[in-house]
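What follows is a set of notes on a single structure, which appears directly below.
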Amino acid sequence: EERPSLPYDIDGLVVKKIEIDEEDLAKPRPEKQIAFKFDPEEAATTLLEVVWSPSGAVYTPIGIVRPVRLAGTTVQRANLCNPGIIREMGLRIGSRVIITKRGEIIPKIERLLENPESSSPILQPQVCPACGSGLVDEDSRLYCPNELCPNKELHRLEKWLSVLDIRGFGTALVQRLHQSGLVRYPADLYSLDEEKLLGMERMGPLLARKLIGNLLKPRTLGLAEFLAAFDLEGVGMIVAEKLVRGGFDNLEKLRAASSESLASLDGIGEIMAHSIKKSLIDLKKQMDDVLALGIIEILPAPSESSSRASSVTPATESAVSGKSFCFTGELATMRRSDAESLIRSLGGIAKQSVTADLDYLVTNDPGSGSSKNLKARALGVAVITEKEFRALAGL
């Protein structure tokens with residue numbers, strides 16, 4: 001009852017005793033404090049328009065609503081997620097709807113109140129404006145299936161730079177490089193030099209030299225990272241790791257695999273398998289062009305690697321293979337992305353959070369009170385230092 005009159009925003013309460021019980025706090029679910037969230041604030045408004053926002057090859061519907069005050073701000077746009085949500089709720093232009101802020105932050109149309117007689121159907125784009133291909137409606141997403149679509153090209157360049165952690169190439173610069181025709185595919189990035197970059201707006205000699213240095217630094221990737229960096233349709237890091245763990249642990253095996261064999265893997269259905277197969281065919285030249293430069297190398301599967309035999313013994317490989325690792329805090333001798341790449345190359349699993357099935361939490365401050373450390377101790381997960389991790393990895 002007092003919430004609207006408070007001079008600050010709150011979304012819930014925690015009720016507990018004044019005394020701090022350290023033993024109870026160390027539990028995954030403390031028993032001596034109770035938390036609850038208030039129901040999200042709601043408002044009724046009218047859906048005025050739906051715009052389809054492109055992100056790479058995917059088009060996401062965004063509802064434009066009559067402005068309404070909600071959780072401290074004026075809301076005019078709300079996410080509709082995908083075409084299936086629109087159909088499921090029966091939304092039309094002119095619909096009266098209930099809108100909330102998920103997590104007190106993200107505006108979302110929650111449900112339909114009514115469709116007045118004056119309401120009209122929501123028109124959905126049928127053709128990709130960038131390449132003219134027919135869009136595919138899978139209910140959960142609307143996307144352009146053309147792997148060579150200009151929008152997909154741009155998104156792939158951004159994904160490549162992000163996964164490989166090539167710093168300095170901001171969104172605006174990548175867009176200008178793509179629009180100028182200098183860079184269409186990942187391999188084109190490596191044809192850049194300082195002179196070409198100096199032709200870009202707001203580019204000086206020092207920055208150009210730094211960007212080229214970042215770009216031309218040799219990098220070694222696991223196959224899963226390589227696939228994720230190429231932004232294959234429907235393939236992120238999780239799906240890519242499933243492919244590798246399923247036995248398709250080098251590019252040749254993956255390219256030779258049938259759609260049926262890919263679909264037999266857990267979590268990869270028939271539709272996704274066909275999409276992966278098509279993407280591998282469409283992007284074969286782009287992948288080969290990148291690898292031919294000699295700057296990017298895909299690490300061989302641990303069981304087939306002869307090049308690492310001198311530095312990684314079979315016993316060391318077995319110490320990492322099949323085990324899961326999560327990092328917290330700063331590492332002293334390597335970047336976290338490089339450590340995660342190493343884990344994947346040795347057959348291990350890199351995780352972003354502490355769960356009951358995690359094998360190792362790696363930290364240089366095992367005694368800290370960070371949430372990951374506390375959760376690892378509560379779950380009985382082994383906590384090791386960076387030095388111990390390097391020993392397991394054979395470094």
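Identifiers for the structure tokens are assigned positionally: chains receive A, B, ... in sequence, residues are indexed from 1 per chain, and ligands are indexed from 1 in the order shown.
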Just the strand (DSSP E) stuff from region 44-138 of chain A, please, per backbone DSSP, written as a PyMOL selection string.
chain A and resi 44-55+58-70+73-79+96-102+106-114+136-137
Grab the CA of Ser321 (chain A) to CA of Asn250 (chain A) distance for me, in Å with one decimal place.
16.2 Å
If you count only C-alpha atoms, the residue of A:His274, A:Arg390, A:Lys16, A:Arg219 closest to Lys32 (chain A) turns out to be A:Lys16
Which residues, written as a short mmCIF file (atom, residue, chain, number, x, y, z; two decimals) with N, CA and C atoms, in the first residue's frame, have at least one atom at most 12 Å from region 141-147 of chain A, with only C-alpha atoms counted and residues fewer than 3 positions away on the same chain left out?
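Here's the written file around-v6.cif:
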data_model
loop_
_atom_site.label_atom_id
_atom_site.label_comp_id
_atom_site.auth_asym_id
_atom_site.auth_seq_id
_atom_site.Cartn_x
_atom_site.Cartn_y
_atom_site.Cartn_z
N TRP A 52 8.84 -4.23 -37.46
CA TRP A 52 9.63 -5.47 -37.44
C TRP A 52 11.10 -5.10 -37.45
N SER A 53 11.73 -5.28 -36.31
CA SER A 53 13.11 -4.85 -36.11
C SER A 53 14.09 -5.94 -36.54
N PRO A 54 14.97 -5.67 -37.52
CA PRO A 54 15.91 -6.69 -37.97
C PRO A 54 17.14 -6.77 -37.07
N SER A 55 17.56 -7.99 -36.79
CA SER A 55 18.84 -8.24 -36.11
C SER A 55 19.50 -9.39 -36.84
N GLY A 56 20.42 -9.05 -37.72
CA GLY A 56 20.97 -10.08 -38.60
C GLY A 56 19.89 -10.55 -39.54
N ALA A 57 19.55 -11.83 -39.49
CA ALA A 57 18.53 -12.38 -40.38
C ALA A 57 17.17 -12.46 -39.71
N VAL A 58 17.07 -12.15 -38.42
CA VAL A 58 15.82 -12.33 -37.67
C VAL A 58 15.08 -11.00 -37.55
N TYR A 59 13.75 -11.07 -37.74
CA TYR A 59 12.90 -9.88 -37.63
C TYR A 59 12.00 -10.03 -36.41
N THR A 60 12.17 -9.12 -35.45
CA THR A 60 11.44 -9.19 -34.19
C THR A 60 10.35 -8.13 -34.15
N PRO A 61 9.10 -8.52 -33.84
CA PRO A 61 8.02 -7.53 -33.79
C PRO A 61 8.10 -6.68 -32.53
N LEU A 80 7.21 -7.81 -28.55
CA LEU A 80 6.21 -8.84 -28.81
C LEU A 80 6.86 -10.20 -29.08
N CYS A 81 8.18 -10.26 -29.04
CA CYS A 81 8.98 -11.48 -29.12
C CYS A 81 8.99 -12.15 -30.49
N ASN A 82 7.85 -12.61 -30.99
CA ASN A 82 7.84 -13.36 -32.24
C ASN A 82 6.42 -13.43 -32.81
N PRO A 83 6.27 -13.87 -34.07
CA PRO A 83 4.94 -13.94 -34.69
C PRO A 83 3.98 -14.85 -33.93
N GLY A 84 4.50 -15.91 -33.32
CA GLY A 84 3.64 -16.84 -32.59
C GLY A 84 2.92 -16.18 -31.43
N ILE A 85 3.60 -15.27 -30.73
CA ILE A 85 2.99 -14.55 -29.60
C ILE A 85 1.82 -13.71 -30.10
N ILE A 86 2.01 -13.04 -31.24
CA ILE A 86 0.95 -12.20 -31.80
C ILE A 86 -0.28 -13.04 -32.11
N GLN A 124 2.51 -8.64 -41.63
CA GLN A 124 3.82 -9.22 -41.39
C GLN A 124 4.63 -9.19 -42.68
N PRO A 125 5.91 -8.75 -42.63
CA PRO A 125 6.71 -8.72 -43.87
C PRO A 125 6.88 -10.12 -44.45
N GLN A 126 6.84 -10.21 -45.76
CA GLN A 126 6.95 -11.48 -46.46
C GLN A 126 8.30 -11.66 -47.15
N VAL A 127 8.95 -10.54 -47.44
CA VAL A 127 10.20 -10.56 -48.22
C VAL A 127 11.27 -9.78 -47.49
N CYS A 128 12.50 -10.31 -47.48
CA CYS A 128 13.62 -9.60 -46.86
C CYS A 128 13.96 -8.37 -47.70
N PRO A 129 13.90 -7.18 -47.13
CA PRO A 129 14.19 -5.98 -47.92
C PRO A 129 15.65 -5.86 -48.34
N ALA A 130 16.52 -6.59 -47.67
CA ALA A 130 17.95 -6.49 -47.98
C ALA A 130 18.37 -7.32 -49.18
N CYS A 131 17.70 -8.50 -49.37
CA CYS A 131 18.13 -9.39 -50.46
C CYS A 131 17.00 -9.93 -51.32
N GLY A 132 15.75 -9.67 -50.90
CA GLY A 132 14.62 -10.11 -51.71
C GLY A 132 14.19 -11.55 -51.48
N SER A 133 14.84 -12.26 -50.57
CA SER A 133 14.45 -13.64 -50.28
C SER A 133 13.14 -13.67 -49.50
N GLY A 134 12.35 -14.74 -49.70
CA GLY A 134 11.14 -14.91 -48.92
C GLY A 134 11.46 -15.22 -47.48
N LEU A 135 10.83 -14.51 -46.54
CA LEU A 135 11.08 -14.75 -45.12
C LEU A 135 10.41 -16.04 -44.67
N VAL A 136 11.01 -16.72 -43.71
CA VAL A 136 10.49 -17.97 -43.18
C VAL A 136 9.88 -17.71 -41.81
N ASP A 137 8.61 -18.10 -41.66
CA ASP A 137 7.90 -17.93 -40.39
C ASP A 137 7.87 -19.28 -39.67
N GLU A 138 8.67 -19.41 -38.61
CA GLU A 138 8.69 -20.64 -37.82
C GLU A 138 7.90 -20.50 -36.53
N PRO A 150 22.83 -9.46 -47.24
CA PRO A 150 23.67 -8.37 -46.71
C PRO A 150 23.49 -8.13 -45.22
N ASN A 151 22.25 -8.24 -44.73
CA ASN A 151 22.04 -8.07 -43.29
C ASN A 151 22.76 -9.16 -42.50
N LYS A 152 22.71 -10.38 -43.04
CA LYS A 152 23.39 -11.49 -42.39
C LYS A 152 24.90 -11.31 -42.47
N GLU A 153 25.38 -10.79 -43.60
CA GLU A 153 26.81 -10.52 -43.75
C GLU A 153 27.30 -9.60 -42.64
N LEU A 154 26.57 -8.49 -42.44
CA LEU A 154 26.96 -7.51 -41.43
C LEU A 154 26.93 -8.12 -40.04
N HIS A 155 25.87 -8.86 -39.75
CA HIS A 155 25.74 -9.51 -38.44
C HIS A 155 26.87 -10.51 -38.22
N ARG A 156 27.25 -11.23 -39.29
CA ARG A 156 28.32 -12.22 -39.18
C ARG A 156 29.66 -11.54 -38.89
N TYR A 185 32.88 -10.23 -46.00
CA TYR A 185 33.02 -11.52 -45.34
C TYR A 185 34.16 -11.44 -44.33
N PHE A 230 31.05 -17.88 -37.05
CA PHE A 230 30.51 -17.76 -38.40
C PHE A 230 28.99 -17.59 -38.40
N ASP A 231 28.39 -17.63 -37.21
CA ASP A 231 26.97 -17.27 -37.08
C ASP A 231 26.08 -18.11 -37.99
N LEU A 232 26.31 -19.43 -38.00
CA LEU A 232 25.44 -20.31 -38.77
C LEU A 232 24.01 -20.19 -38.25
N GLU A 233 23.05 -20.33 -39.13
CA GLU A 233 21.64 -20.17 -38.75
C GLU A 233 21.29 -21.14 -37.62
N GLY A 234 20.90 -20.58 -36.48
CA GLY A 234 20.46 -21.39 -35.35
C GLY A 234 21.58 -22.01 -34.53
N HIS A 274 18.87 -29.74 -40.94
CA HIS A 274 18.84 -29.31 -42.34
C HIS A 274 19.41 -27.90 -42.48
N SER A 275 19.10 -27.03 -41.50
CA SER A 275 19.61 -25.66 -41.53
C SER A 275 21.13 -25.63 -41.39
N ILE A 276 21.67 -26.46 -40.48
CA ILE A 276 23.12 -26.54 -40.29
C ILE A 276 23.79 -27.04 -41.56
N LYS A 277 23.23 -28.07 -42.15
CA LYS A 277 23.80 -28.65 -43.38
C LYS A 277 23.82 -27.61 -44.50
N LYS A 278 22.72 -26.89 -44.67
CA LYS A 278 22.65 -25.87 -45.72
C LYS A 278 23.65 -24.75 -45.46
N SER A 279 23.76 -24.31 -44.19
CA SER A 279 24.69 -23.23 -43.85
C SER A 279 26.14 -23.63 -44.13
N LEU A 280 26.48 -24.87 -43.81
CA LEU A 280 27.85 -25.34 -44.05
C LEU A 280 28.18 -25.34 -45.55
N ILE A 281 27.20 -25.66 -46.38
CA ILE A 281 27.41 -25.63 -47.83
C ILE A 281 27.54 -24.18 -48.31
N ASP A 282 26.60 -23.32 -47.87
CA ASP A 282 26.61 -21.92 -48.32
C ASP A 282 27.86 -21.19 -47.88
N LEU A 283 28.39 -21.52 -46.71
CA LEU A 283 29.52 -20.76 -46.14
C LEU A 283 30.87 -21.47 -46.33
N LYS A 284 30.91 -22.54 -47.09
CA LYS A 284 32.15 -23.30 -47.26
C LYS A 284 33.29 -22.42 -47.76
N GLN A 286 33.62 -19.15 -47.66
CA GLN A 286 34.01 -18.14 -46.68
C GLN A 286 34.89 -18.74 -45.59
#
Would you kindly return, as a PyMOL selection string, each protein, DNA or RNA residue with an atom no farther than 8 Å from any atom of region 335-346 of chain A, considering only C-alpha atoms and excluding same-chain residues fewer than 6 positions away?
chain A and resi 165+221-225+299-302+317+320-321+325+327+393
Output C-alpha atoms of each residue in that selection to a file, as a PDB file, in the first residue's frame.
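This went into again28.pdb:
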ATOM      1  CA  ASP A 165      37.550 -10.757 -29.096  1.00  0.00           C
ATOM      2  CA  LEU A 221      40.089 -21.587 -31.885  1.00  0.00           C
ATOM      3  CA  GLY A 222      38.193 -24.687 -30.955  1.00  0.00           C
ATOM      4  CA  LEU A 223      35.781 -25.878 -33.638  1.00  0.00           C
ATOM      5  CA  ALA A 224      32.775 -24.803 -31.555  1.00  0.00           C
ATOM      6  CA  GLU A 225      34.069 -21.233 -31.380  1.00  0.00           C
ATOM      7  CA  LEU A 299      42.524 -26.767 -32.866  1.00  0.00           C
ATOM      8  CA  PRO A 300      42.291 -30.483 -33.669  1.00  0.00           C
ATOM      9  CA  ALA A 301      40.190 -32.725 -31.445  1.00  0.00           C
ATOM     10  CA  PRO A 302      42.225 -33.896 -28.409  1.00  0.00           C
ATOM     11  CA  GLU A 317      44.004 -34.428 -21.508  1.00  0.00           C
ATOM     12  CA  VAL A 320      40.146 -31.793 -18.543  1.00  0.00           C
ATOM     13  CA  SER A 321      38.213 -33.887 -21.058  1.00  0.00           C
ATOM     14  CA  PHE A 325      34.898 -25.340 -15.545  1.00  0.00           C
ATOM     15  CA  PHE A 327      35.838 -18.818 -13.888  1.00  0.00           C
ATOM     16  CA  ALA A 393      45.527 -28.285 -18.680  1.00  0.00           C
TER      17      ALA A 393
END
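For Arg209 (chain A), the residues within 9 Å (counting only C-alpha atoms, excluding itself and residues fewer than 6 positions away along the chain) are Asp193, Glu194 and Leu197 of chain A.
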The selected residues should be written to file as a PDB file, in the first residue's frame (atoms: C-alpha atoms).
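The result, stored in part.pdb:
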ATOM      1  CA  ASP A 193      45.575  -2.091 -43.928  1.00  0.00           C
ATOM      2  CA  GLU A 194      46.252   1.249 -42.292  1.00  0.00           C
ATOM      3  CA  LEU A 197      41.249   2.408 -42.517  1.00  0.00           C
TER       4      LEU A 197
END
Expressed in Å to a single decimal, how great is the separation between CA of Arg167 (chain A) and CA of Tyr190 (chain A)?
14.1 Å
For the atom pair CA of Ile64 (chain A) and CA of Arg111 (chain A), what is the interatomic distance in Å to one decimal place?
14.9 Å
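Comparing the minimum interatomic distances between Gly267 (chain A) and each of A:Val290, A:Arg87, A:Thr220, A:Lys242, counting only C-alpha atoms, we find that A:Lys242 sits nearest.
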